[in-house]
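Student: Sharing a structure, written as structure tokens. Questions coming.
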Amino acid sequence: MKTFALLIAFICSFSLGLKAQDPLVGAWKSTSGEVNSVLLITPAYFSITAYHEKNFIATLGGTWKPAGEGQVDILIEFNTEEKSQVGQQSTTQVAMEKGRLTTTNNGEKTEWTRIDEGKGPLAGNWRISAREMDGKMNPIKPGARKTVKILTGKRFQWVAINTATGEFFGTGGGTYTFENGTYTENIDFFSRDSSRVGASLSFKGKVAGNNWDHSGLSSKGDPIHEVWSK
């Protein structure tokens, strides 16, 4: 994955959205040969991931906020290709080309196609805030080591990271549905174990305010009961 080209692509998407009074929240996809790149954008968080069939390649992401006309500030929280970028901030301004989400890096253009509008009861960025152990829910305090989950209207990605050290512990993602209290993930990439790509996992789910109660069996078949918070 060409990290800087994809990073510029992310910044471009937000800058264009600010001009149009639409932050372009949602999911985007770009394909180069056999490599798929997916860009997820929530109102405060983003991720870019590249993968080839069952093989995870790389991911990067972090927070963003408007910085002025056609500009955004970004803070990198994870980057599997360039660990040294974690904690770095930047402000960038770019422009829209012919009404399409297009970026140029060293003369090479990248074009993104929208996958979804980023709307839904689970859309947003979440962090795990509690987990059941021995029949008791144990709170997980916010800290540098954390697991975050980024959801748009149809796509999801979880990332386990340490923002203080730049460490990356794993990620997985793909498409999801949330209907009648059942949350189902369809895995497109999994950094720890590519054999799980193609699997579907279903969980019971309930959203109350900024908390999402999530229970079922993990990809290893272990029972889990978690609470995620926005």
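Scheme for the structure tokens: letters A, B, ... for chains in order shown; per-chain residue numbers from 1; ligand numbers from 1 in order shown.
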Env of Lys204 in chain A: 9 Å cut, atoms = only C-alpha atoms, seq-sep filter 6 positions within chain, self excluded. Answer as number ranges by chain.
Tutor: A: 181-184, 213-216
Student: Could you list, with a cut-off of 12 Å and counting only C-alpha atoms, the residues of range 175-228 of chain A near range 147-150 of chain A, each shown with its nearest atom pair and the distance in Å rounded to one decimal, rows sorted by chain and ascending number, as a tab-separated table?
Tutor:
```
residue	atom	partner	partner_atom	distance
A:Thr175	CA	A:Ile150	CA	11.4
A:Tyr176	CA	A:Ile150	CA	11.5
A:Trp212	CA	A:Lys149	CA	11.3
A:Glu226	CA	A:Thr147	CA	11.8
A:Val227	CA	A:Lys149	CA	11.7
A:Trp228	CA	A:Lys149	CA	8.5
```
Student: Only N, CA, C and O atoms, please: the residues just picked out, written as a PDB file, in the first residue's frame.
Tutor:
```pdb
ATOM      1  N   THR A 175     -17.864  -6.237   5.832  1.00  0.00           N
ATOM      2  CA  THR A 175     -19.205  -5.677   5.798  1.00  0.00           C
ATOM      3  C   THR A 175     -19.995  -6.159   7.016  1.00  0.00           C
ATOM      4  O   THR A 175     -19.627  -7.137   7.668  1.00  0.00           O
ATOM      5  N   TYR A 176     -21.097  -5.431   7.324  1.00  0.00           N
ATOM      6  CA  TYR A 176     -21.932  -5.849   8.447  1.00  0.00           C
ATOM      7  C   TYR A 176     -23.388  -5.500   8.189  1.00  0.00           C
ATOM      8  O   TYR A 176     -23.715  -4.650   7.349  1.00  0.00           O
ATOM      9  N   TRP A 212     -23.138   0.448  23.256  1.00  0.00           N
ATOM     10  CA  TRP A 212     -23.556  -0.656  22.399  1.00  0.00           C
ATOM     11  C   TRP A 212     -23.215  -1.955  23.135  1.00  0.00           C
ATOM     12  O   TRP A 212     -22.063  -2.286  23.348  1.00  0.00           O
ATOM     13  N   GLU A 226     -19.434  -7.734  25.583  1.00  0.00           N
ATOM     14  CA  GLU A 226     -18.705  -6.489  25.641  1.00  0.00           C
ATOM     15  C   GLU A 226     -19.651  -5.293  25.579  1.00  0.00           C
ATOM     16  O   GLU A 226     -20.765  -5.410  25.074  1.00  0.00           O
ATOM     17  N   VAL A 227     -19.168  -4.158  26.040  1.00  0.00           N
ATOM     18  CA  VAL A 227     -19.831  -2.897  25.839  1.00  0.00           C
ATOM     19  C   VAL A 227     -18.864  -1.974  25.115  1.00  0.00           C
ATOM     20  O   VAL A 227     -17.698  -1.854  25.518  1.00  0.00           O
ATOM     21  N   TRP A 228     -19.356  -1.373  24.046  1.00  0.00           N
ATOM     22  CA  TRP A 228     -18.582  -0.400  23.289  1.00  0.00           C
ATOM     23  C   TRP A 228     -19.212   0.967  23.469  1.00  0.00           C
ATOM     24  O   TRP A 228     -20.442   1.084  23.523  1.00  0.00           O
TER      25      TRP A 228
END
```
Student: Tell me which of A:Glu77, A:Glu167, A:Glu185, A:Asp116 sits closest to Leu40 in chain A, counting only C-alpha atoms.
Tutor: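 Answer, going by the shortest atom-to-atom distance: A:Asp116.
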Student: One number please: CA of Arg155 in chain A to CA of Pro139 in chain A, in Å, one decimal.
Tutor: 26.6 Å
Student: Find the residue from A:Asn186, A:Glu81, A:Thr177, A:Pro223 that sits nearest to Gly135 in chain A; use only C-alpha atoms when measuring.
Tutor: A:Pro223
Student: Would you kindly return, as an MDAnalysis selection string, each protein, DNA or RNA residue with an atom no farther than 12 Å from any atom of Ser195 in chain A, considering only C-alpha atoms and excluding same-chain residues fewer than 3 positions away?
Tutor: chainID A and resid 53:56 187:192 198:199 219:220
Student: Write out the residues from the selection above, keeping C-alpha atoms, as a PDB file, in the first residue's frame.
Tutor:
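Dumped everything to again.pdb:
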```pdb
ATOM      1  CA  GLU A  53      -8.023 -11.567  -1.532  1.00  0.00           C
ATOM      2  CA  LYS A  54      -7.377 -13.190   1.870  1.00  0.00           C
ATOM      3  CA  ASN A  55      -4.132 -11.346   2.504  1.00  0.00           C
ATOM      4  CA  PHE A  56      -4.082  -8.252   4.711  1.00  0.00           C
ATOM      5  CA  ILE A 187     -14.957 -10.740   7.306  1.00  0.00           C
ATOM      6  CA  ASP A 188     -12.998  -9.418   4.298  1.00  0.00           C
ATOM      7  CA  PHE A 189      -9.580  -9.133   5.982  1.00  0.00           C
ATOM      8  CA  PHE A 190      -8.017 -10.303   9.248  1.00  0.00           C
ATOM      9  CA  SER A 191      -4.404  -9.457  10.032  1.00  0.00           C
ATOM     10  CA  ARG A 192      -3.878 -12.214  12.605  1.00  0.00           C
ATOM     11  CA  GLY A 198     -14.988 -15.200   4.374  1.00  0.00           C
ATOM     12  CA  ALA A 199     -16.493 -16.167   7.732  1.00  0.00           C
ATOM     13  CA  SER A 219     -13.993 -15.815  15.739  1.00  0.00           C
ATOM     14  CA  LYS A 220     -12.283 -18.464  17.904  1.00  0.00           C
TER      15      LYS A 220
END
```
Student: Counting only C-alpha atoms, which residues of range 178-221 of chain A sit at most 9 Å from some atom of range 120-133 of chain A, and what is each one's closest atom pair with its distance in Å to one decimal, listed by chain and rising residue number, as a Markdown table?
Tutor:
```
| residue | atom | partner | partner_atom | distance |
| --- | --- | --- | --- | --- |
| A:Phe178 | CA | A:Leu122 | CA | 8.0 |
| A:Val207 | CA | A:Pro121 | CA | 7.7 |
| A:Asn210 | CA | A:Trp126 | CA | 8.9 |
| A:Asn211 | CA | A:Ser129 | CA | 8.8 |
| A:Trp212 | CA | A:Leu122 | CA | 8.2 |
```
Student: Output C-alpha atoms for every residue in that selection, as a JSON list (two decimals), in the first residue's frame.
Tutor:
```
[["chain", "number", "residue", "atom", "x", "y", "z"],
["A", 178, "PHE", "CA", -27.66, -4.84, 12.07],
["A", 207, "VAL", "CA", -27.71, 0.40, 21.42],
["A", 210, "ASN", "CA", -23.70, 6.09, 23.44],
["A", 211, "ASN", "CA", -23.34, 2.46, 24.55],
["A", 212, "TRP", "CA", -23.56, -0.66, 22.40]]
```
Student: Would you give me, as a PyMOL selection string, the residues in range 28-216 of chain A that DSSP reads as strand (DSSP E)?
Tutor: chain A and resi 28-32+35-41+45-52+55-68+71-79+89-93+102-105+108-111+113-116+124-133+136-139+145-151+155-162+167-179+182-190+200-208+211-216
